[in-house]
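In what follows, a structure is listed as C-alpha cells, so that the remarks can point back to it.
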Amino acid sequence: MPTTLYNEPSPLETKVLSKRFGLENSHRLDTYLAHDGFKAFLKARQMTPEQIVEEVKTSALRGRGGAGFPTGLKWSFVPRTSPKPKYIVINADESEPGTCKDRLLMEYDPHQLIEGILIAGLAMDAHKGYLYIRGEYRYLIDHTDRAIGEAYSKGYLGKNIAGTGFDFDLYTHSGAGAYECGEETALLDSLEGKRGIPRMKPPFPAVAGAWASPTLLNNVETFSAVPNIIRDGGAAFAALGTPKNGGTRLVCISGHVNKPGVYELPLGYPMLKAIYEVAGGIPGGKKLKAVVPGGSSCPLLKAEECDIPMDYDTLAKAGSMLGSGGMVVLDETTDMVKFALRIMRFYAHESCGWCIPCREGTTWLRKILQRFDDGGGRKEDIPVLGEVSKNMLGRTFCALGDAAAMPTISIVEKFREDFEKRLAGASRASELVTV
Amino acid sequence: MAETVKLTINGKQIEAEKGTLLIEVARQNGIEIPAFCYYQNLSLQAACRMCLVEVEKTPKLQVGCTLPVAEGMVVHTDSEVVRQSRKGMVELLLTNHPLDCPVCDKGGECELQDMTFRYGLGESRFVERKQHVDEEQWSPVVYFDRPRCIMCYRCVRVCNEGLDVTALGVGNRGVVSQILPNFHDHLECDECGACIDICPVGALTSGAYRYKTRPWEMHHVGTICTHCADGCRTTLGVRNEKIIRGNNRDSSGINGEFLCVKGRYAFDFTEHPERLQSPLMRAGGRLEPVSWSQALEAVAKKFIEVKQGSGHFGVIGSCHTTNEENFYLQKFARQVLGTKNVDHHRSGDLATLFDALTDRGKVLATVEDLANAKAVLVVASDLAQQHPMLANQIRASRRLRGARVYTVTPGPVREDKNAVASVRVQKGGELAGIESLRDKLKAESDLTIVFGDAIQGESLRKLIAFGDSLGLAVKYICLVDYSNSRGAFDMGLIPRDGGLSREQMLARDLDVLWVVGANPLKEVRGESKAGFLVVQDLFLTETAQRADIVLPAASAYEKTGTVTNVCGEVQKLKAAINVMGPKADLEIMGLIAREMGPAAVRTLGMWLPDKVFEEIRKTVHGYDVPMPVVATGGAAPTMPLNGRVAALPGSISSAGDTLFTSGTLGRYSKVLNSVMESPGALYEEKGRHS
Amino acid sequence: MLAAYPEGRKRSAVVPMLIYAQDETGAVTPELIAEVAKRCEVEPLQVDEVVGYYSMLHRKPLGKYHVQVCTNISCLLVGGEELYEHAKKKLGIGNKQVTADGQFSLEEVECMGACSWAPAVEINYDFHHYVTPERLDQLIDALRKAN
Ligand SMILES: Cc1cc2nc3c(=O)[nH]c(=O)nc-3n(C[C@H](O)[C@H](O)[C@H](O)COP(=O)(O)O)c2cc1C
Ligand code: SF4
Ligand code: FES
C-alpha cells in the first residue's frame with residue numbers, strides 16, 4: 001500500500017483530517033493508535049447520544065458529499081429509540097467528476113473513518129454499518145477490508161469494542177459502476193441489490209432507509225471529521241471555518257494548475273489563493289477562464305466571479321455550490337463547447353432513466369452539443385440548450401437532472417461567445433433530421 | 001369519515017380527506033392533472049413528471065401524484081409555468097418517439113397522442129437523429145416496440161403488483177433503459193395481456209390484435225367471458241362480424257380491468273375452421289350434412305316415437321349454455337319428454353352446500369364480498385390457475401386493504417407467496433389441514449372460505465361446522481368450473497326425484513340420449529350405448545362424432561341470455577356477432593318443440609331469452625333478481641338458500657382446467673394453443689428458476 | 001458475503017456477488033445470473049435488471065487487461081482525450097472492443113476519482129496517474145511482455 005502521497009502537500013494547508021497522511025504506514029491501526037486514534041470513541045462512550053449529536057451540531061460540520069446539509073441536524077433526525085435496527089451507511093461512491101478525496105481518506109487513514117462511524121453508531125444506537133464503495137475502487141475495498149479486519153482483530157470492531165460493551169459490525173459493499181448510486185436513496189436501493197433508482201422522499205432515510213429501517217447516511221469525509229470534532233470539541237472545529245461552515249475540507253484541485261492535488265483547507269478559504277498559491281497557479285502564465293467550484297454538478301464561475309471565500313453560503317450567493325470539493329480550474333484556452341459536451345455526455349450516461357426530463361433531456365442536450373462540437377451547430381441551438389436545461393431544472397425526480405442542467409445553463413449564459421465562435425465554422429447542418 | 005382538510009385548486013374551494021393524493025382530489029373535483037405513470041391502485045412512481053403543479057409557498061413545482069393534500073394548500077394546475085412544464089415534458093417524451101401513429105395499433109386510443117394534443121407544443125425543436133430499435137416478439141401475444149415506450153412502468157407494476165407474476169422488469173439505464181421480459185428475450189407468464197392493456201402507448205401490443213384494424217372501425221360489445229366460472233366482463237371489439245379484440249378497459253363488471261389469457265384472447269374459437277356450420281345426420285354409418293328442417297324433423301320424430309314407446313330418455317345439459325337454455329332444456333325433459341334423467345357435469349357440491357346452509361342469511365360470498373374480505377382461506381384449489389379473477393381479487397384485497405390469506409392445498413399455489421400460513425395436504429386431509437389453522441383463523445374478524453371439489457358431501461358439512469365453530473362471520477364460495485356451471489345446477493339440470501345421473505345415463509342402454517353443449521363421451525371408449533344420440537355443439541367433439549344427429553350451436557358470444565357465475569351472480573350475455581349456420585341452443589330446442597307439435601310449444605312457452613328469464617325469475621328459487629341490475633350489465637346476486645336440497649346421485653369433480661385450458665372451447669382456441677405455457681399444470685412451482 | 005446483510009435480505013448481495021463473480025468468470029453469463037438468483041433468492045429477472053444497469057457488469061468477456069481511460073472533465077483538460085485516442089491506435093480497437101488475441105480491451109470511462117492526478121488510466125483494478133501516451137505505451141508493452 002502506498003505510503004507516498006499522490007501529490008505534495010502544501011504548507012498552506014490546515015491539516016486536521018489529513019494530518020496522518022504521509023506518516024509511514026498511516027493506514028495501520030497501530031499508527032492510528034499512536035496518533036490520537038480511538039480517543040474520541042472512548043470519549044464519546046462517556047457522552048450521551050444527545051451530547052454527541054450536540055457536539056456535531058456545534059462543529060457546524062456540513063455534509064461533504066455534495067449537498068452540504070448540516071450534519072448534526074441530520075443526525076438528530078434518526079429516531080434513535082425506534083425498535084427497528086438502525087444502520088449507518090457510508091457513502092464512498094465518490095463519482096462526482098472532479099472529486100478524489102474520499103479515496104485518500106480511505107487509503108491513508110481508514111481507521112479515522114472507522115472511528116467516525118463508531119461514534120455515529122453510539123449516537124444512533126446503531127450496531128451495523130455498510131461502507132458503500134464504488135466498484136472502480138476495488139483496491140480500496142480490499143484495503144478497507146484489511147483495515148476492518150485489523151480493527152476486528154484488535155477489538156475495535158465487533159463485540160465489546162475496546163472493552164466498552166458497545167458492539168458494532170462494519171462491512172464493505174461494492175458498487176458496480178453507476179454515478180447515480182451516489183445519490184443517497186439510489187445508493188440504498190443498490191445496497192439492497194436493486195438497480196440504483198432514487199426513492200421517493202419522504203420518508204427520508206433517517207426514518208426509513210436501508211431495509212426500511214432508520215439509517216444515517218453520510219459521506220466518507222463527513223464521518224472522517226467526526227473523531228476530531230469529538231476529541232477536540234465541536235467549537236474548535238467550527239472555529240477553523242466561517243460561521244455555519246465549520247472546519248476544514250479536502251479540496252481536490254484539478255485542471256489547469258501547476259500543482260494539482262488534494263489539499264485540506266479551512267472553509268472560507270479564498271478561491272483565488274487556492275488556485276494561485278496552494279495549487280501553484282496556471283501553467284504557462286495563462287489567464288483564468290472559469291472555475292468549477294465543487295464538482296461537475298455546480299454552475300461554473302467566470303474568472304471575475306472567483307474572488308470569493310469558499311464556503312457554502314458564499315458560493316450559493318454567487319449562484320453556484322461548494323459541492324463535493326472538486327474544484328476544476330479552466331484556463332483561457334478552454335473550449336467551453338467541448339467542456340459542456342463532456343459534462344453532458346457524463347450525465348446522459350449516468351442518468352438512471354427513471355424520470356422523463358432527466359432521461360430524455362440529458363440525451364437531447366448531449367446530441368445538440370455533440371453536433372455543435374462536430375461542426376453542425378446552428379444559431380437556434382444556443383437558446384434551445386438553455387431552454388431544455390431549464391425544462392429539467394427542478395422538475396426531475398432526483399438532483400441528477402439538476403446537476404446536468406445547472407452547469408449547462410451557466411455555460412450557455414456565461415460563455416455564449418464560445419458557441420457563437422463555433423457557428424462560423426459550422427458546416428454539417430445538412431446532417432439534420434427534421435421532423 | 002376521516003379527517004378532512006380544506007384546500008384551493010385553481011381558485012375553487014375544495015374539501016377532501018386528509019392525506020389523499022392531490023391528483024385524486026383534483027380528479028374527484030373535475031380538475032384534470034395529466035399523468036402517465038400514476039395509476040390508481042398501483043404503487044407511486046413520480047417518474048413521468050406530467051403531474052407537476054404549482055403549490056403556493058413552495059419554490060419548485062410539486063408532484064401531484066405523490067403529494068398528499070394538506071390544510072390550506074393553494075394549488076394551481078393550469079398556470080403559465082405549469083402549462084410550460086407540461087409542454088416541456090411532452091416535447092422531451094417525443095424526442096425519441098418514432099411518431100409512427102399511422103401504423104400504430106394504439107393510434108386513436110393513445111394517451112400520448114391525447115396528451116400531446118391537449119398539452120403539447122405545436123412543434124418540436126428536436127432535430128437530432130432518433131434511435132431506432134427493432135420490435136421484439138416476447139410471446140405469441142406480446143410484442144414490444146421499445147422506441148414507443150415512455151417508461152411509465154405501468155406494465156411492470158400491473159404484472160408484479162397486480163398479477164404477482166413478476167414477468168416484467170426494467171433493464172439497462174438512462175435513455176436506453178427498457179422494459180425487460182423475464183426470460184431475457186421472451187416471456188413466460190400468465191399471458192394475461194394486462195401489460196398490453198395498461199400500456200398508455202403502443203409499446204406493448206397484442207399478437208392477437210395487432211395490425212388488424214383501427215380502433216375506431218370497431219364497435220364494442222360488453223358481454224361475459226365464457227371460459228371459466230368467474231364471470232368476467234369482457235368488451236369485445238367487433239368489425240365485420242368478426243371479434244377482433246377483448247378487453248375491459250372501462251372497468252365495468254365485477255372484474256374491473258382484469259382479464260386472464262382466456263378472457264382476453266380465447267374468443268377465437270368462434271372462428272375456428274372446424275366450427276360446425278350445418279346439421280349432420282348419420283347415413284350409411286357416416287355423418288352427412290343435412291338441412292335444418294330435415295334434422296329437426298328427424299329429432300322430433302324420434303323424440304315422439306320414444307316418448308310414446310319406452311320413454312327411456314337421457315338428457316345431459318351444458319355448463320356453458322345460458323340460464324334460459326338450461327331452464328328450457330330441463331323443462332323440455334321433464335314436461336315434454338317426461339323424463340327425470342337430467343344432469344350436467346357437476347364440478348362442485350352445490351347441493352350439499354345449499355342444504356347445509358339452509359336458514360342462514362347472506363353467507364354465500366359475492367365477488368365484491370371477496371374483495372372486501374379481511375381474511376380468505378383457499379382450500380383445495382390452484383386459484384390463480386383455475387379461477388384467475390377470484391385470485392386477482394384476493395391479491396388486490398391483500399395489497400390494497402391488507403387482507404390476510406391462508407391456503408390449504410395439495411401443492412404450491414401462487415397465493416402461498418403472500419399467505420399468512422400455507423398448509424400442504426394430501427387429498428382427503430383438507431379438513432385436518434384447516435383444523436391446524438384454527439387458532440389463527442379464530443383471531444380473524446371475518447373469513448371467506450373458497451373451496452374446490454375435494455370438499456364435498458360429508459366433508460363439506462364438516463367444513464361448515466368448522467366455520468360455525470370459529471365464532472366469526474364466515475362466507476363461502478364453492479368453486480365450480482365453467483361460465484354457467486352454477487346456472488346449470490340452479491336451473492335444475494340435476495337428477496332430482498330419482499332421475500339418473502350423468503354416469504348412470506351413459507352406462508344404460510337408453511333409447512335417446514340428448515346432449516346439449518357437453519362432451520360426456522370424451523373419456524368413454526367405443527360406441528355410445530344410447531340407441532339414438534342427439535348432440536348440440538359448436539364442434540364435432542368426441543361425443544358429437546358418435547351422434548346420430550348433430551345440431552350446430554351458437555357460442556356465448558353469439559347469443560343473448562344470462563349466466564350465473566361461481567359466486568351466484570347473474571349477468572347478461574350480449575351477442576357480439578351473428579352467425580349464419582349455427583343457431584342458439586334455445587332456438588334449436590324451441591324449433592324441436594315446434595316440430596313436435598303445438599302442445600309441446602304450449603308447455604314450454606316461446607323460446608325467447610327474455611320470456612324465459614321472466615319465468616326463471618318467477619319460478620326458480622333465489623332468482624328473483626332485480627331486472628334493472630341485469631339489464632344494465634350489472635351482476636345480480638341470487639339467493640338460492642333456505643330450501644332443503646336433497647342429495648343427488650352421481651359424482652362431482654372438477655375438470656381441472658388450468659389458466660390455458662377450458663375444456664372443448666379452449667382446445668379450439670389458436671391463441672391458447674400457441675402460448676408455450678399451454679396447457680400448464682396445477683399445483684406446480686412455476687419453473688422460473690430454470 | 002450473504003452473512004453481512006440482515007436476516008432475509010440476501011438480495012443485497014446481488015451487486016457485489018455479480019461483480020466478484022465476473023472477475024472470476026470474465027462475463028455475466030445467463031448461467032451466472034441463474035446462480036446468483038438462486039443464492040440471493042430472487043428471480044433471475046431481478047438479477048438481469050441489475051446487470052444492465054451497472055456499467056461495470058458485462059455480458060461479454062473483456063480482454064485479460066481492461067484498459068480504462070478517463071476523459072471526464074479533469075482528465076479532459078490535461079490530455080485525457082488525446083490519451084484515449086492514443087490508446088485506440090495503440091491497441092487497434094475502439095471503445096468496448098477487445099483485441100483479437102483477447103489480451104486487451106479498451107473503454108472510455110467516466111470520472112474515476114483521480115482528478116487531481118490526471119490524466120488517469122485504470123487497468124483492471126490498478127490505477128495509473130499522470131499518464132502520458134508514452135507511459136501508456138510502456139504500461140501496455142509491459143503487460144504484453146508479461147504474457
Ligand atoms: C446524482 C447524485 C450523486 C451523488 N453522488 C455522491 C457521491 O458520489 N458521494 C457522496 O458522498 N455523495 C453523493 N451525493 C450526495 C448524497 O446524495 C448525499 O447527500 C450525501 O452522501 C450525504 O452525505 P453528507 O451529508 O455527508 O454529504 C450525490 C447526490 C446526487 C444527487
Ligand atoms: S433525475 Fe430522474 S432519471 Fe435522472 S437520475 Fe434522477 S430519477 Fe433518474
Ligand atoms: S403522474 Fe406524477 S410523475 Fe407521473
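Please note that chains go A, B, ... in the order of the C-alpha cells, that every chain numbers its residues from 1, and that ligands are numbered from 1 in the order shown.
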Report task. Counting only C-alpha atoms, collect the residues of chain B whose closest atom lies at most 6 Å from chain C, and write them out as a ChimeraX atom specification. Result -> /B:170-173,182
Store the residues picked out above in a file with all heavy atoms, as an mmCIF file, in the first residue's frame.
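Output below, filename selection.cif:
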data_model
loop_
_atom_site.group_PDB
_atom_site.id
_atom_site.type_symbol
_atom_site.label_atom_id
_atom_site.label_comp_id
_atom_site.auth_asym_id
_atom_site.auth_seq_id
_atom_site.Cartn_x
_atom_site.Cartn_y
_atom_site.Cartn_z
ATOM 1 N N VAL B 170 -37.179 -3.909 -15.469
ATOM 2 C CA VAL B 170 -36.577 -2.796 -16.190
ATOM 3 C C VAL B 170 -35.094 -3.088 -16.358
ATOM 4 O O VAL B 170 -34.407 -3.413 -15.394
ATOM 5 C CB VAL B 170 -36.740 -1.473 -15.421
ATOM 6 C CG1 VAL B 170 -36.257 -0.313 -16.273
ATOM 7 C CG2 VAL B 170 -38.190 -1.275 -15.014
ATOM 8 N N GLY B 171 -34.632 -2.995 -17.577
ATOM 9 C CA GLY B 171 -33.226 -3.273 -17.833
ATOM 10 C C GLY B 171 -32.503 -2.030 -18.311
ATOM 11 O O GLY B 171 -33.126 -1.040 -18.679
ATOM 12 N N ASN B 172 -31.180 -2.118 -18.314
ATOM 13 C CA ASN B 172 -30.325 -1.008 -18.732
ATOM 14 C C ASN B 172 -30.595 0.226 -17.880
ATOM 15 O O ASN B 172 -31.324 0.180 -16.903
ATOM 16 C CB ASN B 172 -30.509 -0.661 -20.200
ATOM 17 C CG ASN B 172 -30.138 -1.830 -21.087
ATOM 18 O OD1 ASN B 172 -29.401 -2.714 -20.674
ATOM 19 N ND2 ASN B 172 -30.657 -1.833 -22.293
ATOM 20 N N ARG B 173 -30.032 1.339 -18.303
ATOM 21 C CA ARG B 173 -30.320 2.560 -17.563
ATOM 22 C C ARG B 173 -30.282 3.740 -18.516
ATOM 23 O O ARG B 173 -29.893 3.609 -19.674
ATOM 24 C CB ARG B 173 -29.339 2.738 -16.416
ATOM 25 C CG ARG B 173 -27.967 3.192 -16.846
ATOM 26 C CD ARG B 173 -27.125 3.599 -15.649
ATOM 27 N NE ARG B 173 -25.866 4.152 -16.090
ATOM 28 C CZ ARG B 173 -24.681 3.803 -15.598
ATOM 29 N NH1 ARG B 173 -24.606 2.891 -14.649
ATOM 30 N NH2 ARG B 173 -23.582 4.357 -16.051
ATOM 31 N N ASN B 182 -39.119 -11.653 -18.613
ATOM 32 C CA ASN B 182 -38.434 -12.433 -17.577
ATOM 33 C C ASN B 182 -37.423 -13.438 -18.107
ATOM 34 O O ASN B 182 -36.545 -13.872 -17.380
ATOM 35 C CB ASN B 182 -39.424 -13.106 -16.626
ATOM 36 C CG ASN B 182 -40.428 -13.987 -17.335
ATOM 37 O OD1 ASN B 182 -40.458 -14.044 -18.555
ATOM 38 N ND2 ASN B 182 -41.246 -14.686 -16.585
#
Requested in this report: Could the residues that lie within 8 Å of ligand 2, counting only C-alpha atoms and all ligand atoms, be listed as a PyMOL selection string?
Outcome: (chain A and resi 180+197-198+350-359+396-402) or (chain B and resi 47+174)
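Atom CA of A:Leu5 lies 22.6 Å from atom CA of C:Gln138.
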Requested in this report: Dump the neighbourhood of ligand 3 as a ChimeraX atom specification: all residues within 6 Å, distances computed on only C-alpha atoms and all ligand atoms.
Outcome: /B:35-38,46-51,63-65
Query raised in the report: If we count only C-alpha atoms, what is near B:Val238 at a cut-off of 7 Å, once residues fewer than 2 positions away on the same chain are taken out, given as JSON, numbers by chain?
Result: {"B": [218, 219, 220, 236, 240, 241, 242, 243, 244, 576]}
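Interatomic distance, atom CA of A:Ile382 to atom CA of A:Lys317: 26.0 Å.
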**Report entry** Within-8 Å residues of ligand 1, basis only C-alpha atoms and all ligand atoms, as a count of residues only
**Finding:** 38
Requested in this report: Might you pull out every residue within 10 Å of A:Asp373, with only C-alpha atoms counted and same-chain residues fewer than 2 positions away left off, and present them as a list in words?
Outcome: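 Those residues are Asp335, Met336, Val337, Lys338, Phe339, Ala340, Leu341, Lys367, Ile368, Leu369, Gln370, Arg371, Gly375, Gly376, Gly377, Phe419, Arg422, Leu423 and Ala426 of chain A.
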Output as JSON lines one row per residue of chain C within 10 Å of chain A: the closest atom pair and its distance in Å to one decimal place, counting only C-alpha atoms, sorted by chain and residue number ascending.
{"residue": "C:Met1", "atom": "CA", "partner": "A:His173", "partner_atom": "CA", "distance": 9.4}
{"residue": "C:Ala4", "atom": "CA", "partner": "A:Tyr171", "partner_atom": "CA", "distance": 6.6}
{"residue": "C:Tyr5", "atom": "CA", "partner": "A:Tyr171", "partner_atom": "CA", "distance": 8.9}
{"residue": "C:Pro6", "atom": "CA", "partner": "A:Trp211", "partner_atom": "CA", "distance": 8.5}
{"residue": "C:Arg9", "atom": "CA", "partner": "A:Glu192", "partner_atom": "CA", "distance": 7.4}
{"residue": "C:Lys10", "atom": "CA", "partner": "A:Gly193", "partner_atom": "CA", "distance": 8.3}
{"residue": "C:Arg11", "atom": "CA", "partner": "A:Gly193", "partner_atom": "CA", "distance": 5.1}
{"residue": "C:Ser12", "atom": "CA", "partner": "A:Gly193", "partner_atom": "CA", "distance": 4.0}
{"residue": "C:Ala13", "atom": "CA", "partner": "A:Gly193", "partner_atom": "CA", "distance": 6.0}
{"residue": "C:Val14", "atom": "CA", "partner": "A:Gly193", "partner_atom": "CA", "distance": 5.0}
{"residue": "C:Val15", "atom": "CA", "partner": "A:Gly193", "partner_atom": "CA", "distance": 5.8}
{"residue": "C:Pro16", "atom": "CA", "partner": "A:Ser174", "partner_atom": "CA", "distance": 5.2}
{"residue": "C:Met17", "atom": "CA", "partner": "A:Ser174", "partner_atom": "CA", "distance": 8.9}
{"residue": "C:Leu18", "atom": "CA", "partner": "A:Ala176", "partner_atom": "CA", "distance": 8.8}
{"residue": "C:Ile19", "atom": "CA", "partner": "A:Ala176", "partner_atom": "CA", "distance": 6.6}
{"residue": "C:Tyr20", "atom": "CA", "partner": "A:Ser174", "partner_atom": "CA", "distance": 9.0}
{"residue": "C:Cys40", "atom": "CA", "partner": "A:Gly193", "partner_atom": "CA", "distance": 9.1}
{"residue": "C:Val42", "atom": "CA", "partner": "A:Gly193", "partner_atom": "CA", "distance": 9.8}
{"residue": "C:Gln46", "atom": "CA", "partner": "A:Lys194", "partner_atom": "CA", "distance": 7.6}
{"residue": "C:Val47", "atom": "CA", "partner": "A:Lys194", "partner_atom": "CA", "distance": 8.1}
{"residue": "C:Asp48", "atom": "CA", "partner": "A:Arg195", "partner_atom": "CA", "distance": 10.0}
{"residue": "C:Glu49", "atom": "CA", "partner": "A:Arg195", "partner_atom": "CA", "distance": 6.9}
{"residue": "C:Val50", "atom": "CA", "partner": "A:Arg195", "partner_atom": "CA", "distance": 5.1}
{"residue": "C:Val51", "atom": "CA", "partner": "A:Arg195", "partner_atom": "CA", "distance": 8.5}
{"residue": "C:Gly52", "atom": "CA", "partner": "A:Arg195", "partner_atom": "CA", "distance": 8.8}
{"residue": "C:Tyr53", "atom": "CA", "partner": "A:Arg195", "partner_atom": "CA", "distance": 6.1}
{"residue": "C:Tyr54", "atom": "CA", "partner": "A:Gly177", "partner_atom": "CA", "distance": 5.2}
{"residue": "C:Ser55", "atom": "CA", "partner": "A:Gly177", "partner_atom": "CA", "distance": 4.9}
{"residue": "C:Met56", "atom": "CA", "partner": "A:Gly177", "partner_atom": "CA", "distance": 5.0}
{"residue": "C:Leu57", "atom": "CA", "partner": "A:Ala176", "partner_atom": "CA", "distance": 6.7}
{"residue": "C:Thr71", "atom": "CA", "partner": "A:Arg342", "partner_atom": "CA", "distance": 8.0}
{"residue": "C:Asn72", "atom": "CA", "partner": "A:Arg342", "partner_atom": "CA", "distance": 6.4}
{"residue": "C:Ile73", "atom": "CA", "partner": "A:Arg342", "partner_atom": "CA", "distance": 6.6}
{"residue": "C:Ser74", "atom": "CA", "partner": "A:Gly255", "partner_atom": "CA", "distance": 5.1}
{"residue": "C:Cys75", "atom": "CA", "partner": "A:Gly255", "partner_atom": "CA", "distance": 7.3}
{"residue": "C:Leu76", "atom": "CA", "partner": "A:Phe339", "partner_atom": "CA", "distance": 8.2}
{"residue": "C:Leu77", "atom": "CA", "partner": "A:Gly255", "partner_atom": "CA", "distance": 5.5}
{"residue": "C:Val78", "atom": "CA", "partner": "A:Gly255", "partner_atom": "CA", "distance": 6.4}
{"residue": "C:Gly79", "atom": "CA", "partner": "A:Gly255", "partner_atom": "CA", "distance": 9.9}
{"residue": "C:Val109", "atom": "CA", "partner": "A:Phe346", "partner_atom": "CA", "distance": 9.2}
{"residue": "C:Glu110", "atom": "CA", "partner": "A:Phe346", "partner_atom": "CA", "distance": 6.6}
{"residue": "C:Cys111", "atom": "CA", "partner": "A:Pro97", "partner_atom": "CA", "distance": 5.2}
{"residue": "C:Met112", "atom": "CA", "partner": "A:Ser95", "partner_atom": "CA", "distance": 6.5}
{"residue": "C:Gly113", "atom": "CA", "partner": "A:Cys100", "partner_atom": "CA", "distance": 4.4}
{"residue": "C:Ala114", "atom": "CA", "partner": "A:Cys100", "partner_atom": "CA", "distance": 5.6}
{"residue": "C:Cys115", "atom": "CA", "partner": "A:Gly98", "partner_atom": "CA", "distance": 5.3}
{"residue": "C:Ser116", "atom": "CA", "partner": "A:Ser254", "partner_atom": "CA", "distance": 4.6}
{"residue": "C:Trp117", "atom": "CA", "partner": "A:Gly261", "partner_atom": "CA", "distance": 6.7}
{"residue": "C:Ala118", "atom": "CA", "partner": "A:Ser254", "partner_atom": "CA", "distance": 7.6}
{"residue": "C:Pro119", "atom": "CA", "partner": "A:Gly255", "partner_atom": "CA", "distance": 9.6}
{"residue": "C:Glu122", "atom": "CA", "partner": "A:Glu136", "partner_atom": "CA", "distance": 8.5}
{"residue": "C:Asn124", "atom": "CA", "partner": "A:Glu136", "partner_atom": "CA", "distance": 8.9}
{"residue": "C:Tyr125", "atom": "CA", "partner": "A:Arg138", "partner_atom": "CA", "distance": 6.0}
{"residue": "C:Asp126", "atom": "CA", "partner": "A:Tyr139", "partner_atom": "CA", "distance": 7.3}
{"residue": "C:Phe127", "atom": "CA", "partner": "A:Tyr139", "partner_atom": "CA", "distance": 8.9}
{"residue": "C:His129", "atom": "CA", "partner": "A:Tyr6", "partner_atom": "CA", "distance": 8.4}
{"residue": "C:Tyr130", "atom": "CA", "partner": "A:Tyr6", "partner_atom": "CA", "distance": 9.9}
So that I can see what lies close to stretch 278-291 of chain B, please list as a compact mmCIF listing (two decimals) with N, CA, C and O atoms, in the first residue's frame the residues with an atom at most 10 Å from it, counting only C-alpha atoms and leaving out residues fewer than 3 positions away in the same chain.
# COMPACT_ATOMS: atom_id res chain seq x y z
N ARG B 275 -65.46 -25.33 -36.91
CA ARG B 275 -66.76 -24.98 -36.35
C ARG B 275 -67.86 -25.59 -37.22
O ARG B 275 -67.83 -25.47 -38.46
N GLN B 294 -84.64 -30.88 -42.17
CA GLN B 294 -84.50 -32.35 -42.16
C GLN B 294 -84.07 -32.82 -40.77
O GLN B 294 -84.63 -33.77 -40.21
N ALA B 295 -83.09 -32.12 -40.24
CA ALA B 295 -82.53 -32.56 -38.96
C ALA B 295 -83.55 -32.42 -37.85
O ALA B 295 -83.74 -33.34 -37.04
N LEU B 296 -84.20 -31.26 -37.80
CA LEU B 296 -85.16 -31.01 -36.72
C LEU B 296 -86.31 -32.00 -36.79
O LEU B 296 -86.78 -32.53 -35.77
N GLU B 297 -86.73 -32.25 -37.99
CA GLU B 297 -87.84 -33.17 -38.19
C GLU B 297 -87.47 -34.56 -37.68
O GLU B 297 -88.23 -35.24 -36.98
N ALA B 298 -86.24 -34.97 -38.00
CA ALA B 298 -85.79 -36.29 -37.59
C ALA B 298 -85.72 -36.41 -36.08
O ALA B 298 -86.11 -37.42 -35.49
N VAL B 299 -85.21 -35.33 -35.45
CA VAL B 299 -85.10 -35.35 -33.98
C VAL B 299 -86.48 -35.44 -33.37
O VAL B 299 -86.76 -36.28 -32.50
N VAL B 534 -78.48 -37.52 -29.85
CA VAL B 534 -78.64 -36.19 -30.44
C VAL B 534 -77.67 -35.25 -29.72
O VAL B 534 -77.66 -35.20 -28.49
N VAL B 535 -76.88 -34.53 -30.47
CA VAL B 535 -75.88 -33.65 -29.85
C VAL B 535 -76.00 -32.24 -30.42
O VAL B 535 -76.07 -32.06 -31.64
N GLN B 536 -76.05 -31.27 -29.53
CA GLN B 536 -75.96 -29.87 -29.96
C GLN B 536 -74.59 -29.36 -29.53
O GLN B 536 -74.25 -29.42 -28.36
N LEU B 540 -67.32 -30.86 -33.66
CA LEU B 540 -67.54 -32.29 -33.72
C LEU B 540 -66.69 -32.94 -32.61
O LEU B 540 -65.63 -33.50 -32.85
N ALA B 544 -70.01 -35.77 -30.21
CA ALA B 544 -70.72 -35.49 -31.46
C ALA B 544 -70.35 -36.48 -32.56
O ALA B 544 -71.18 -36.86 -33.39
N GLN B 545 -69.09 -36.92 -32.54
CA GLN B 545 -68.66 -37.88 -33.56
C GLN B 545 -69.47 -39.16 -33.52
O GLN B 545 -69.61 -39.87 -34.51
N ARG B 546 -70.02 -39.48 -32.36
CA ARG B 546 -70.78 -40.74 -32.23
C ARG B 546 -72.28 -40.52 -32.32
O ARG B 546 -73.07 -41.43 -32.10
N ALA B 547 -72.66 -39.28 -32.64
CA ALA B 547 -74.08 -38.95 -32.63
C ALA B 547 -74.80 -39.47 -33.87
O ALA B 547 -74.18 -39.78 -34.89
N ASP B 548 -76.10 -39.52 -33.75
CA ASP B 548 -76.92 -39.82 -34.92
C ASP B 548 -77.30 -38.52 -35.61
O ASP B 548 -77.40 -38.46 -36.83
N ILE B 549 -77.51 -37.51 -34.77
CA ILE B 549 -77.79 -36.20 -35.35
C ILE B 549 -76.99 -35.15 -34.56
O ILE B 549 -76.97 -35.18 -33.32
N VAL B 550 -76.31 -34.28 -35.31
CA VAL B 550 -75.56 -33.19 -34.66
C VAL B 550 -76.16 -31.87 -35.11
O VAL B 550 -76.36 -31.64 -36.31
N LEU B 551 -76.45 -31.01 -34.15
CA LEU B 551 -77.03 -29.71 -34.48
C LEU B 551 -76.03 -28.62 -34.10
O LEU B 551 -75.61 -28.53 -32.94
N PRO B 552 -75.60 -27.80 -35.07
CA PRO B 552 -74.56 -26.80 -34.79
C PRO B 552 -75.10 -25.65 -33.94
O PRO B 552 -76.11 -25.04 -34.29
N ALA B 553 -74.39 -25.38 -32.86
CA ALA B 553 -74.89 -24.40 -31.90
C ALA B 553 -74.07 -23.11 -31.95
O ALA B 553 -72.90 -23.10 -32.32
N MET B 580 -74.28 -17.52 -39.28
CA MET B 580 -75.22 -17.96 -40.31
C MET B 580 -75.69 -19.39 -40.07
O MET B 580 -76.86 -19.66 -39.91
N GLY B 581 -74.79 -20.35 -40.03
CA GLY B 581 -75.16 -21.75 -39.92
C GLY B 581 -75.74 -22.16 -38.58
O GLY B 581 -76.87 -22.65 -38.49
N PRO B 582 -74.96 -21.95 -37.54
CA PRO B 582 -75.39 -22.44 -36.22
C PRO B 582 -76.55 -21.63 -35.67
O PRO B 582 -76.83 -20.51 -36.12
N LYS B 583 -77.24 -22.19 -34.69
CA LYS B 583 -78.32 -21.48 -34.01
C LYS B 583 -78.09 -21.58 -32.51
O LYS B 583 -77.47 -22.53 -32.03
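Atom CA of A:Leu187 lies 28.3 Å from atom CA of A:Thr58.
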Report task. Taking the DSSP assignment computed from this structure's backbone, write out as a PyMOL selection string all residues of stretch 430-520 of chain B that belong to helix (DSSP H, G or I). Result -> chain B and resi 430-435+438-442+458-469+485-490+502-507
Requested in this report: Enumerate, as a ChimeraX atom specification, the complete set of residues in chain C that a backbone-based DSSP assignment places in strand (DSSP E).
Outcome: /C:65-70,104-109,121-123,126-128
